[in-house]
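Next comes query-v3.cif, a file with mmCIF, C-alpha atoms.
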```cif
data_final
loop_
_atom_site.label_atom_id
_atom_site.label_comp_id
_atom_site.auth_asym_id
_atom_site.auth_seq_id
_atom_site.Cartn_x
_atom_site.Cartn_y
_atom_site.Cartn_z
CA MET Q 1078 -6.91 32.34 34.94
CA LYS Q 1079 -8.41 31.89 31.49
CA LEU Q 1080 -5.79 29.36 30.42
CA ASN Q 1081 -2.92 31.78 30.98
CA LYS Q 1082 -0.54 29.03 32.09
CA LEU Q 1083 -1.37 26.73 29.19
CA ALA Q 1084 -1.18 29.58 26.69
CA LEU Q 1085 2.20 30.58 28.12
CA ILE Q 1086 3.50 27.03 27.73
CA THR Q 1087 2.31 26.98 24.12
CA ALA Q 1088 3.88 30.34 23.32
CA THR Q 1089 7.16 29.31 24.92
CA ALA Q 1090 7.25 26.08 22.93
CA ILE Q 1091 6.62 27.97 19.70
CA ALA Q 1092 9.42 30.39 20.44
CA GLY Q 1093 11.82 27.49 20.87
CA VAL Q 1094 11.35 25.72 17.53
CA ALA Q 1095 12.53 26.51 14.03
CA VAL Q 1096 10.23 27.12 11.09
CA ILE Q 1097 10.71 24.05 8.89
CA PRO Q 1098 8.29 23.34 6.00
CA ASN Q 1099 6.40 20.05 5.88
CA ALA Q 1100 4.84 18.24 2.94
CA ASN Q 1101 1.61 17.92 4.93
CA ALA Q 1102 1.15 21.68 5.27
CA ASP Q 1103 -1.60 23.28 3.19
CA TRP Q 1104 0.59 25.12 0.72
CA LEU Q 1105 -2.00 24.65 -2.07
CA PHE Q 1106 -5.29 23.42 -0.63
CA GLY Q 1107 -6.49 21.51 2.42
CA VAL Q 1108 -9.68 20.59 4.24
CA HIS Q 1109 -9.72 19.96 8.00
CA ALA Q 1110 -12.70 18.36 9.77
CA GLU Q 1111 -12.84 18.09 13.55
CA ALA Q 1112 -15.26 16.77 16.19
CA GLN Q 1113 -15.04 17.80 19.84
CA TYR Q 1114 -16.64 16.35 22.97
CA TRP Q 1115 -16.48 18.79 25.88
CA GLN Q 1116 -17.35 17.92 29.49
CA ALA Q 1117 -18.07 21.40 30.83
CA GLU Q 1118 -18.86 22.53 34.36
CA ASN Q 1119 -21.37 25.39 34.37
CA GLU Q 1120 -21.50 28.46 36.61
CA GLY Q 1121 -23.50 31.69 36.50
CA GLY Q 1122 -27.09 32.53 35.80
CA ILE Q 1123 -29.79 34.36 33.93
CA THR Q 1124 -31.23 37.34 35.76
CA GLN Q 1125 -31.09 41.11 36.00
CA SER Q 1126 -29.35 40.68 39.37
CA PRO Q 1127 -27.09 37.64 38.92
CA SER Q 1128 -25.61 37.77 42.44
CA ASP Q 1129 -29.03 37.31 44.06
CA HIS Q 1130 -29.37 33.65 43.05
CA ASN Q 1131 -27.02 30.69 43.32
CA TRP Q 1132 -27.82 28.42 40.40
CA ASN Q 1133 -26.99 24.73 40.54
CA TRP Q 1134 -26.42 23.50 37.00
CA ASP Q 1135 -26.32 20.05 35.52
CA ASP Q 1136 -22.89 19.48 34.04
CA GLU Q 1137 -23.67 18.02 30.64
CA GLY Q 1138 -21.43 17.09 27.74
CA ALA Q 1139 -21.39 19.33 24.67
CA SER Q 1140 -20.45 18.63 21.05
CA ARG Q 1141 -18.80 20.80 18.40
CA LEU Q 1142 -18.14 20.18 14.73
CA SER Q 1143 -15.61 22.24 12.76
CA VAL Q 1144 -14.62 22.45 9.11
CA ASN Q 1145 -11.95 24.76 7.79
CA VAL Q 1146 -10.54 25.22 4.28
CA ASN Q 1147 -7.01 26.45 3.62
CA HIS Q 1148 -5.83 27.62 0.19
CA PHE Q 1149 -2.87 29.25 -1.55
CA VAL Q 1150 -4.53 32.39 -2.97
CA PRO Q 1151 -2.64 35.46 -1.65
CA PHE Q 1152 -4.52 38.05 0.45
CA VAL Q 1153 -7.75 35.96 0.40
CA PRO Q 1154 -8.58 34.71 3.92
CA ASN Q 1155 -9.07 31.07 4.76
CA VAL Q 1156 -12.45 29.97 6.12
CA MET Q 1157 -13.57 28.02 9.18
CA VAL Q 1158 -17.17 27.15 10.17
CA GLN Q 1159 -18.07 25.66 13.57
CA ARG Q 1160 -21.33 24.40 15.02
CA GLN Q 1161 -21.53 24.26 18.84
CA TRP Q 1162 -24.34 22.44 20.67
CA LEU Q 1163 -24.58 23.69 24.26
CA GLU Q 1164 -27.54 23.04 26.58
CA SER Q 1165 -28.13 22.61 30.30
CA SER Q 1166 -30.73 22.93 33.06
CA GLY Q 1167 -30.57 23.88 36.71
CA THR Q 1168 -32.27 25.08 39.87
CA ALA Q 1169 -31.88 27.90 42.39
CA ALA Q 1170 -33.39 28.28 45.84
CA HIS Q 1171 -36.19 30.83 45.52
CA LEU Q 1172 -35.20 33.03 48.47
CA ASN Q 1173 -35.16 36.42 46.71
CA PRO Q 1174 -37.57 37.99 44.22
CA LEU Q 1175 -36.50 37.89 40.61
CA THR Q 1176 -37.67 40.03 37.69
CA ILE Q 1177 -36.71 39.33 34.08
CA ARG Q 1178 -38.12 41.58 31.36
CA GLY Q 1179 -41.38 42.26 33.19
CA THR Q 1180 -41.89 38.72 34.52
CA THR Q 1181 -41.63 38.77 38.32
CA PHE Q 1182 -41.04 35.70 40.45
CA ASN Q 1183 -42.10 36.65 43.98
CA VAL Q 1184 -40.89 34.59 46.92
CA PRO Q 1185 -43.72 32.23 47.94
CA ALA Q 1186 -44.80 31.66 51.53
CA ASP Q 1187 -43.26 28.22 51.30
CA PRO Q 1188 -40.05 28.88 49.30
CA GLY Q 1189 -39.22 26.30 46.69
CA ASN Q 1190 -36.90 26.30 43.70
CA LEU Q 1191 -36.67 28.19 40.47
CA GLU Q 1192 -36.24 25.87 37.50
CA THR Q 1193 -34.39 26.93 34.37
CA ASN Q 1194 -32.90 25.59 31.20
CA TRP Q 1195 -30.88 27.26 28.49
CA ASP Q 1196 -29.62 26.62 25.01
CA LEU Q 1197 -26.47 28.55 24.07
CA GLY Q 1198 -25.99 26.75 20.76
CA HIS Q 1199 -24.23 28.87 18.16
CA ASP Q 1200 -22.41 28.92 14.85
CA THR Q 1201 -18.98 30.53 14.52
CA TYR Q 1202 -17.77 31.87 11.18
CA THR Q 1203 -14.07 32.72 10.97
CA LEU Q 1204 -11.92 34.34 8.30
CA TYR Q 1205 -8.21 33.99 9.03
CA TYR Q 1206 -4.71 34.26 7.60
CA ARG Q 1207 -1.82 31.84 8.10
CA LEU Q 1208 1.50 33.45 8.90
CA PHE Q 1209 3.15 30.05 9.44
CA ASP Q 1210 1.73 26.61 8.67
CA ASN Q 1211 4.01 23.57 8.89
CA SER Q 1212 4.71 20.57 11.12
CA LEU Q 1213 6.59 22.59 13.74
CA ILE Q 1214 4.76 25.89 13.94
CA GLU Q 1215 1.37 27.36 13.06
CA PHE Q 1216 0.26 30.91 13.60
CA TYR Q 1217 -3.24 31.88 12.44
CA PHE Q 1218 -5.02 35.17 13.07
CA GLY Q 1219 -8.31 36.66 11.91
CA LEU Q 1220 -11.87 37.63 12.80
CA SER Q 1221 -14.82 35.53 13.96
CA ALA Q 1222 -18.56 36.06 14.30
CA LYS Q 1223 -20.41 33.96 16.86
CA LYS Q 1224 -24.08 33.75 15.93
CA PHE Q 1225 -26.22 32.53 18.84
CA ASN Q 1226 -29.54 30.86 18.07
CA GLY Q 1227 -30.80 29.53 21.37
CA SER Q 1228 -33.26 30.15 24.17
CA MET Q 1229 -33.65 30.56 27.91
CA MET Q 1230 -36.48 29.66 30.29
CA VAL Q 1231 -37.11 30.26 34.00
CA SER Q 1232 -40.14 28.95 35.91
CA ASP Q 1233 -41.30 28.74 39.53
CA GLY Q 1234 -44.20 26.42 38.75
CA ASN Q 1235 -46.69 29.27 38.47
CA SER Q 1236 -45.02 31.89 36.28
CA THR Q 1237 -42.70 31.24 33.36
CA PHE Q 1238 -40.27 33.46 31.49
CA SER Q 1239 -39.05 32.31 28.09
CA GLN Q 1240 -37.04 34.10 25.44
CA ASP Q 1241 -35.16 33.21 22.29
CA ILE Q 1242 -31.54 34.28 22.00
CA SER Q 1243 -30.51 35.74 18.67
CA GLU Q 1244 -27.24 37.63 18.96
CA THR Q 1245 -24.14 37.92 16.78
CA VAL Q 1246 -20.88 38.76 18.55
CA PRO Q 1247 -17.81 39.73 16.47
CA MET Q 1248 -14.48 38.57 17.94
CA GLY Q 1249 -10.79 38.26 17.20
CA TYR Q 1250 -9.34 34.83 16.41
CA LEU Q 1251 -5.88 33.36 17.17
CA ARG Q 1252 -4.22 29.95 16.84
CA LEU Q 1253 -0.71 28.99 17.99
CA THR Q 1254 0.61 25.46 17.49
CA ALA Q 1255 4.07 24.09 18.30
CA GLY Q 1256 5.18 20.65 17.14
CA LEU Q 1257 7.68 18.41 18.91
CA PRO Q 1258 10.01 17.08 16.16
CA LEU Q 1259 9.93 13.36 15.32
CA THR Q 1260 7.35 12.55 18.01
CA GLY Q 1261 3.95 13.19 16.44
CA PHE Q 1262 3.08 15.38 19.44
CA SER Q 1263 2.23 19.07 19.43
CA VAL Q 1264 0.64 21.67 21.71
CA ARG Q 1265 -1.97 24.20 20.65
CA ALA Q 1266 -3.81 27.23 22.01
CA GLN Q 1267 -6.65 28.69 19.97
CA GLY Q 1268 -9.94 30.51 20.12
CA GLN Q 1269 -11.57 33.89 20.38
CA PRO Q 1270 -9.94 35.88 23.22
CA VAL Q 1271 -11.27 39.35 22.38
CA PRO Q 1272 -14.91 40.39 21.80
CA ILE Q 1273 -15.82 43.42 19.73
CA GLY Q 1274 -18.87 45.30 21.04
CA ASP Q 1275 -20.97 45.50 24.20
CA HIS Q 1276 -21.20 41.79 25.07
CA ASP Q 1277 -18.37 40.06 26.93
CA VAL Q 1278 -17.69 36.69 25.30
CA TYR Q 1279 -14.46 34.70 25.66
CA ASP Q 1280 -13.75 31.26 24.17
CA MET Q 1281 -10.24 29.76 24.44
CA GLU Q 1282 -8.81 26.27 24.63
CA ALA Q 1283 -5.40 24.63 24.97
CA SER Q 1284 -4.52 21.03 24.13
CA ILE Q 1285 -1.88 18.36 23.69
CA ARG Q 1286 -2.20 16.68 20.28
CA TYR Q 1287 -0.95 13.42 18.79
CA GLU Q 1288 -0.87 12.54 15.08
CA PHE Q 1289 -1.99 8.92 15.03
CA LEU Q 1290 -2.33 8.68 11.25
CA ASP Q 1291 -0.05 10.08 8.52
CA THR Q 1292 -0.69 8.97 4.93
CA MET Q 1293 -0.55 10.48 1.47
CA ALA Q 1294 -4.37 10.76 1.44
CA PHE Q 1295 -5.07 12.23 4.88
CA ASP Q 1296 -3.79 12.73 8.42
CA GLY Q 1297 -5.50 12.01 11.72
CA VAL Q 1298 -4.98 13.78 15.05
CA ILE Q 1299 -6.39 13.17 18.52
CA ALA Q 1300 -6.19 15.88 21.19
CA LEU Q 1301 -6.85 16.24 24.90
CA GLY Q 1302 -7.27 19.70 26.34
CA TYR Q 1303 -9.07 22.23 28.49
CA ARG Q 1304 -11.52 24.89 27.37
CA GLN Q 1305 -13.08 27.99 28.93
CA PHE Q 1306 -16.14 29.76 27.54
CA ASP Q 1307 -17.49 32.93 29.22
CA PHE Q 1308 -20.79 34.33 27.99
CA GLN Q 1309 -22.12 37.64 29.30
CA LEU Q 1310 -24.99 39.41 27.58
CA ASP Q 1311 -25.45 43.05 28.54
CA ASP Q 1312 -29.03 44.11 27.90
CA ALA Q 1313 -29.60 41.93 24.84
CA SER Q 1314 -33.29 42.74 24.27
CA GLY Q 1315 -33.54 43.26 28.02
CA LEU Q 1316 -31.79 39.99 28.84
CA TYR Q 1317 -28.74 39.72 31.09
CA THR Q 1318 -26.62 36.60 31.52
CA ASP Q 1319 -23.35 35.72 33.18
CA PHE Q 1320 -22.19 32.18 32.40
CA SER Q 1321 -18.79 30.50 32.65
CA LEU Q 1322 -18.29 27.01 31.26
CA THR Q 1323 -14.97 25.23 31.81
CA GLY Q 1324 -13.73 21.68 31.48
CA PRO Q 1325 -11.71 19.07 29.60
CA PHE Q 1326 -12.35 18.04 26.01
CA LEU Q 1327 -11.43 15.39 23.47
CA ASN Q 1328 -10.89 16.26 19.79
CA VAL Q 1329 -10.56 13.98 16.79
CA SER Q 1330 -9.63 15.63 13.47
CA LEU Q 1331 -8.90 14.57 9.91
CA HIS Q 1332 -6.91 16.55 7.35
CA PHE Q 1333 -7.53 15.83 3.66
#
```

Any chance you could give the structure as C-alpha cells?
Amino acid sequence: MKLNKLALITATAIAGVAVIPNANADWLFGVHAEAQYWQAENEGGITQSPSDHNWNWDDEGASRLSVNVNHFVPFVPNVMVQRQWLESSGTAAHLNPLTIRGTTFNVPADPGNLETNWDLGHDTYTLYYRLFDNSLIEFYFGLSAKKFNGSMMVSDGNSTFSQDISETVPMGYLRLTAGLPLTGFSVRAQGQPVPIGDHDVYDMEASIRYEFLDTMAFDGVIALGYRQFDFQLDDASGLYTDFSLTGPFLNVSLHF
C-alpha cells in the first residue's frame, strides 16, 4: 500500500488545522539533526530473472543520520543531507540456473544454497522550499538525489559474482507535518515518492512525533513510525535488482 493509509491520515490532519506561527519555527535560521534506527524486513533479490529464486534475507537493523539547514533567504532552497547505512545477507535454494553479467551458477547434482550479501548504503542530497513551517503545519517540497555507493555479491561456493553499485537517482521530495495543539504531538509523512529516470526507487515514511524538550536553546523530538523503501535497478551496468524493505523505526532529533 506504500503507506497510503498513513499518508491519508497525515494529509487529513493537516487540512484540519489552522496556520499559526510559532517562535520555534525557522523564520531566520535553524539546524536540525536527526538519528534513525530502522528495523526493516527485506524482500526481493539480485538476478536477471528475479522470480526464479526465493531469497531468504536476514532482517537487520539499519541506521540513518540527517542534517538539514533552514534559512530566511528568499528563493534560495534549504538543504538536507542524509547518510543511510543499509546491509544484509541471505540465501536461496539453488534449484534453477542463474546468470548475472556473464557469471553463471549452474544447478549442481546435489543442490545447495546460493549465498549473497548486499550493501545499499547511500547518501541523499535534498534541496527544498518551505511553504509553511510552524508548530501546527509544515509543507516542504523539493528535489533529491540518492547516490548509492555499495556492492552486491552472490556465491555458490565455487563461483562468485561481485559488483560495486555506483548509481545516482534523482527524485522528488515532500514533507507534510500536522501538529496537535497544546499536546506536543504531531504526525508526519515525508520522503521521496517519485523517481526521475529509468530506475524505480521509492522511499517514504510516516510517524507519530512527540516534543519531549522545548527550550530557548534547542528542541528535542522523538518519533515512532513506519518506513518503506523500494529499490529496483533496471540494467545498471548489467545489474538488475528488485528489493523492498519495510518496517518500524525510531527517530530522535534536535533542533538548534

Selection dump of the PyMOL selection byres ((chain Q and resi 1187) around 12), as a PyMOL selection string: chain Q and resi 1170-1172+1183-1186+1188-1190+1233

Just to be explicit: take each residue in the selection above, keep C-alpha atoms, and write the result as a PDB file, keeping the file's coordinate frame.
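File written: result-v8.pdb
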```pdb
ATOM      1  CA  ALA Q1170     -33.390  28.280  45.840  1.00  0.00           C
ATOM      2  CA  HIS Q1171     -36.190  30.830  45.520  1.00  0.00           C
ATOM      3  CA  LEU Q1172     -35.200  33.030  48.470  1.00  0.00           C
ATOM      4  CA  ASN Q1183     -42.100  36.650  43.980  1.00  0.00           C
ATOM      5  CA  VAL Q1184     -40.890  34.590  46.920  1.00  0.00           C
ATOM      6  CA  PRO Q1185     -43.720  32.230  47.940  1.00  0.00           C
ATOM      7  CA  ALA Q1186     -44.800  31.660  51.530  1.00  0.00           C
ATOM      8  CA  PRO Q1188     -40.050  28.880  49.300  1.00  0.00           C
ATOM      9  CA  GLY Q1189     -39.220  26.300  46.690  1.00  0.00           C
ATOM     10  CA  ASN Q1190     -36.900  26.300  43.700  1.00  0.00           C
ATOM     11  CA  ASP Q1233     -41.300  28.740  39.530  1.00  0.00           C
TER      12      ASP Q1233
END
```

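You will find CA of Arg1252 in chain Q at 13.9 Å from CA of Arg1286 in chain Q.
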
Find the spatial neighbours of Phe1306 in chain Q, counting all atoms listed in the file, within a cut-off of 6 Å - ignore same-chain residues fewer than 5 positions away - and output them as a list in words. Tyr1279, Asp1280, Ser1321 and Leu1322 of chain Q

File dump, residues just selected, C-alpha atoms, as a PDB file, keeping the file's coordinate frame:
```pdb
ATOM      1  CA  TYR Q1279     -14.460  34.700  25.660  1.00  0.00           C
ATOM      2  CA  ASP Q1280     -13.750  31.260  24.170  1.00  0.00           C
ATOM      3  CA  SER Q1321     -18.790  30.500  32.650  1.00  0.00           C
ATOM      4  CA  LEU Q1322     -18.290  27.010  31.260  1.00  0.00           C
TER       5      LEU Q1322
END
```

Taking the file as shown, find all residues satisfying the PyMOL selection byres ((chain Q and resi 1213-1224) around 6) and write them as a VMD selection string. chain Q and resid 1199 to 1212 1225 1244 to 1256

Would you compute the distance between CA of Gln1159 in chain Q and CA of Asn1145 in chain Q? Give it in Å to one decimal. 8.5 Å

Would you compute the distance between CA of Phe1182 in chain Q and CA of Asp1196 in chain Q? Give it in Å to one decimal. 21.2 Å

I'd like the neighbourhood of Ser1165 in chain Q as a PyMOL selection string, where a residue qualifies if any of its atoms comes within 12 Å (using all atoms listed in the file), though same-chain residues fewer than 4 positions away should be ignored. chain Q and resi 1116-1122+1132-1139+1192-1198+1227-1230+1320+1322

Would you list the residues near (-6.6, 12.7, 6.7) (no more than 6 Å away, in the coordinates of the file, using all atoms listed in the file) as a ChimeraX atom specification? /Q:1295-1297,1331-1333

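With distances taken over all atoms listed in the file, Q:Pro1325 is the one residue among Q:Gly1261, Q:Pro1272, Q:Pro1325, Q:Gly1234 lying closest to Gln1113 in chain Q.
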
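For the choices Q:Trp1115, Q:Phe1238, Q:Trp1162, Q:Phe1326, the atom-to-atom distance to Thr1180 in chain Q is smallest for Q:Phe1238 when using only C-alpha atoms.
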
Residue with the minimum atom-to-atom distance to Asp1312 in chain Q, picked from Q:Ser1284, Q:Val1231, Q:Leu1327, Q:Arg1178 with all atoms listed in the file counted, is Q:Arg1178

At a cut-off of 12 Å, using all atoms listed in the file, what residues contact range 1108-1110 of chain Q? Leave out same-chain residues fewer than 3 positions from it and give the result as a PyMOL selection string. chain Q and resi 1101-1105+1113+1141-1148+1155-1160+1294-1299+1328-1333

Range 1140-1155 of chain Q rebuilt with N, CA and C atoms, output as a tab-separated table (two decimals), in the frame of the given file:
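Here's the written file out.tsv:
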```tsv
chain	number	residue	atom	x	y	z
Q	1140	SER	N	-21.12	19.04	22.28
Q	1140	SER	CA	-20.45	18.63	21.05
Q	1140	SER	C	-20.22	19.83	20.14
Q	1141	ARG	N	-19.11	19.76	19.39
Q	1141	ARG	CA	-18.80	20.80	18.40
Q	1141	ARG	C	-18.23	20.14	17.15
Q	1142	LEU	N	-18.69	20.60	16.01
Q	1142	LEU	CA	-18.14	20.18	14.73
Q	1142	LEU	C	-17.51	21.37	14.03
Q	1143	SER	N	-16.33	21.16	13.44
Q	1143	SER	CA	-15.61	22.24	12.76
Q	1143	SER	C	-15.13	21.77	11.40
Q	1144	VAL	N	-15.20	22.68	10.43
Q	1144	VAL	CA	-14.62	22.45	9.11
Q	1144	VAL	C	-13.90	23.72	8.69
Q	1145	ASN	N	-12.63	23.59	8.31
Q	1145	ASN	CA	-11.95	24.76	7.79
Q	1145	ASN	C	-11.21	24.40	6.49
Q	1146	VAL	N	-11.14	25.39	5.61
Q	1146	VAL	CA	-10.54	25.22	4.28
Q	1146	VAL	C	-9.38	26.19	4.15
Q	1147	ASN	N	-8.20	25.64	3.88
Q	1147	ASN	CA	-7.01	26.45	3.62
Q	1147	ASN	C	-6.68	26.43	2.13
Q	1148	HIS	N	-6.14	27.52	1.62
Q	1148	HIS	CA	-5.83	27.62	0.19
Q	1148	HIS	C	-4.56	28.44	0.01
Q	1149	PHE	N	-4.13	28.58	-1.24
Q	1149	PHE	CA	-2.87	29.25	-1.55
Q	1149	PHE	C	-3.05	30.65	-2.11
Q	1150	VAL	N	-4.29	31.12	-2.30
Q	1150	VAL	CA	-4.53	32.39	-2.97
Q	1150	VAL	C	-4.08	33.54	-2.06
Q	1151	PRO	N	-3.15	34.38	-2.50
Q	1151	PRO	CA	-2.64	35.46	-1.65
Q	1151	PRO	C	-3.73	36.47	-1.29
Q	1152	PHE	N	-3.67	36.96	-0.06
Q	1152	PHE	CA	-4.52	38.05	0.45
Q	1152	PHE	C	-6.00	37.65	0.61
Q	1153	VAL	N	-6.38	36.45	0.21
Q	1153	VAL	CA	-7.75	35.96	0.40
Q	1153	VAL	C	-7.77	35.12	1.67
Q	1154	PRO	N	-8.61	35.45	2.66
Q	1154	PRO	CA	-8.58	34.71	3.92
Q	1154	PRO	C	-9.06	33.28	3.77
Q	1155	ASN	N	-8.57	32.43	4.64
Q	1155	ASN	CA	-9.07	31.07	4.76
Q	1155	ASN	C	-10.36	31.09	5.57
```
